[in-house]
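Single-structure report; data block below.
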Amino acid sequence: MRGGETLAKATEEDAEKRWIALMMKTAKKYHKLCPYFDKKTTQCLLMATVEGRVGKCDRDGKYDGCPILVKFLEKLYKYYTERKKVLPRDFQDVVNQAFIM
(Lines give C-alpha, C1' and ligand atoms only; values in the text may rest on other atoms or scores of the structure.)
Protein backbone atom coordinates (compact mmCIF):
# COMPACT_ATOMS: atom_id res chain seq x y z
CA MET A 1 0.00 0.00 0.00
CA ARG A 2 2.87 2.39 0.67
CA GLY A 3 3.91 2.43 -3.00
CA GLY A 4 0.37 3.30 -4.09
CA GLU A 5 0.13 6.12 -1.57
CA THR A 6 3.44 7.56 -2.75
CA LEU A 7 2.34 7.34 -6.39
CA ALA A 8 -0.96 9.07 -5.63
CA LYS A 9 0.84 11.85 -3.78
CA ALA A 10 3.29 12.30 -6.66
CA THR A 11 0.52 12.54 -9.24
CA GLU A 12 -1.33 15.05 -7.05
CA GLU A 13 1.82 17.20 -6.83
CA ASP A 14 2.24 16.95 -10.61
CA ALA A 15 -1.37 18.04 -11.12
CA GLU A 16 -0.80 21.01 -8.80
CA LYS A 17 2.37 22.03 -10.66
CA ARG A 18 0.59 21.72 -14.03
CA TRP A 19 -2.30 23.88 -12.79
CA ILE A 20 0.07 26.55 -11.42
CA ALA A 21 1.98 26.55 -14.75
CA LEU A 22 -1.33 26.97 -16.59
CA MET A 23 -2.29 29.92 -14.38
CA MET A 24 1.08 31.60 -15.00
CA LYS A 25 0.77 31.00 -18.74
CA THR A 26 -2.75 32.42 -18.98
CA ALA A 27 -1.78 35.36 -16.77
CA LYS A 28 0.59 36.52 -19.51
CA LYS A 29 -2.40 36.91 -21.85
CA TYR A 30 -4.00 39.55 -19.63
CA HIS A 31 -1.37 41.22 -17.46
CA LYS A 32 2.00 42.82 -18.08
CA LEU A 33 2.44 43.41 -14.35
CA CYS A 34 1.07 41.39 -11.47
CA PRO A 35 -2.58 42.29 -10.82
CA TYR A 36 -1.79 42.22 -7.09
CA PHE A 37 0.90 44.89 -7.43
CA ASP A 38 0.00 48.46 -6.46
CA LYS A 39 2.02 50.72 -8.77
CA LYS A 40 1.46 53.82 -6.68
CA THR A 41 2.81 52.44 -3.41
CA THR A 42 4.79 49.49 -4.89
CA GLN A 43 3.05 47.25 -2.33
CA CYS A 44 2.42 43.55 -2.92
CA LEU A 45 -1.25 42.99 -2.11
CA LEU A 46 -0.78 39.22 -1.79
CA MET A 47 1.97 39.43 0.81
CA ALA A 48 -0.51 40.00 3.63
CA THR A 49 -2.49 36.93 2.57
CA VAL A 50 0.45 34.60 1.98
CA GLU A 51 3.00 35.72 4.57
CA GLY A 52 0.86 37.63 7.05
CA ARG A 53 2.74 40.89 6.65
CA VAL A 54 2.54 43.98 4.49
CA GLY A 55 5.48 44.75 2.28
CA LYS A 56 6.81 46.21 -0.89
CA CYS A 57 7.20 44.13 -4.03
CA ASP A 58 10.89 43.52 -4.59
CA ARG A 59 10.19 42.37 -8.16
CA ASP A 60 8.73 45.67 -9.45
CA GLY A 61 5.46 43.94 -10.30
CA LYS A 62 6.99 41.17 -12.42
CA TYR A 63 5.08 38.05 -11.46
CA ASP A 64 6.77 35.37 -13.58
CA GLY A 65 8.47 33.14 -11.01
CA CYS A 66 7.30 35.25 -8.06
CA PRO A 67 7.41 33.08 -4.91
CA ILE A 68 4.52 34.99 -3.30
CA LEU A 69 2.22 34.41 -6.28
CA VAL A 70 3.24 30.74 -6.48
CA LYS A 71 2.45 30.26 -2.76
CA PHE A 72 -0.91 31.98 -3.29
CA LEU A 73 -1.72 29.68 -6.20
CA GLU A 74 -0.70 26.65 -4.12
CA LYS A 75 -3.09 27.76 -1.36
CA LEU A 76 -5.81 28.34 -3.93
CA TYR A 77 -5.26 24.88 -5.44
CA LYS A 78 -5.57 23.27 -2.00
CA TYR A 79 -8.72 25.31 -1.30
CA TYR A 80 -10.42 24.07 -4.46
CA THR A 81 -9.31 20.44 -4.18
CA GLU A 82 -10.19 20.08 -0.49
CA ARG A 83 -13.70 21.33 -1.18
CA LYS A 84 -13.96 19.26 -4.38
CA LYS A 85 -14.67 22.37 -6.47
CA VAL A 86 -13.82 22.82 -10.13
CA LEU A 87 -10.44 24.49 -10.62
CA PRO A 88 -10.36 27.73 -12.62
CA ARG A 89 -8.99 27.17 -16.12
CA ASP A 90 -7.91 30.76 -16.64
CA PHE A 91 -5.99 33.24 -14.49
CA GLN A 92 -8.63 35.90 -15.08
CA ASP A 93 -11.09 33.68 -13.19
CA VAL A 94 -8.73 33.77 -10.21
CA VAL A 95 -8.35 37.56 -10.37
CA ASN A 96 -12.12 38.07 -10.65
CA GLN A 97 -12.82 36.21 -7.42
CA ALA A 98 -14.40 38.30 -4.71
CA PHE A 99 -12.17 36.83 -2.00
CA ILE A 100 -8.53 36.32 -1.25
CA MET A 101 -7.88 33.42 1.07
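Just remember, in the C-alpha coordinates the first chain shown is A, the second B, etc., residues are 1-based per chain, and ligands are 1-based in the order shown.
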Selection near Lys56 in chain A, 10 Å with only C-alpha atoms, sequence-local residues under 4 positions removed, as a PyMOL selection string = chain A and resi 37-38+41-45+47+60-61
task = Write out as a PyMOL selection string which residues come within 9 Å of Leu46 in chain A when counting only C-alpha atoms, dropping same-chain ones fewer than 4 positions away.
result = chain A and resi 36-37+50-51+54+68-69+72+100
key: Per-residue DSSP, chain A, filtered to strand (DSSP E or B), as a PyMOL selection string   = chain A and resi 37-38+43-44+55-56
task = Compare A:Phe91, A:Tyr80, A:Lys85, A:Pro35 by their minimum atom-to-atom distance to Ala21 in chain A, counting only C-alpha atoms, and give me the closest one.
result =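 Ranking A:Phe91, A:Tyr80, A:Lys85, A:Pro35 by distance to Ala21 in chain A, first place goes to A:Phe91.
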inquiry  = Give me, as a ChimeraX atom specification, all polymer residues having an atom no more than 12 Å from Pro88 in chain A, counting only C-alpha atoms and skipping those fewer than 2 positions away in the same chain.
reply    = /A:19-20,22-23,26,73,76-77,79-81,85-86,90-97
request  = Could you check which of A:Cys57, A:Leu33, A:Val70, A:Ala48 is closest to Lys17 in chain A, using only C-alpha atoms?
outcome  =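 Answer, going by the shortest atom-to-atom distance: A:Val70.
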request  = Going by DSSP on the backbone, which bits of chain A are alpha helix (DSSP H)? Write them as a ChimeraX atom specification, please.
outcome  = /A:2-30,47-51,67-82,91-95
remark   = Atom pair CA of Lys40 in chain A + CA of Lys25 in chain A, distance 25.8 Å
key: Among the residues A:Lys78, A:Lys62, A:His31, A:Arg53, the one that comes closest to Ala15 in chain A [using only C-alpha atoms]   = A:Lys78
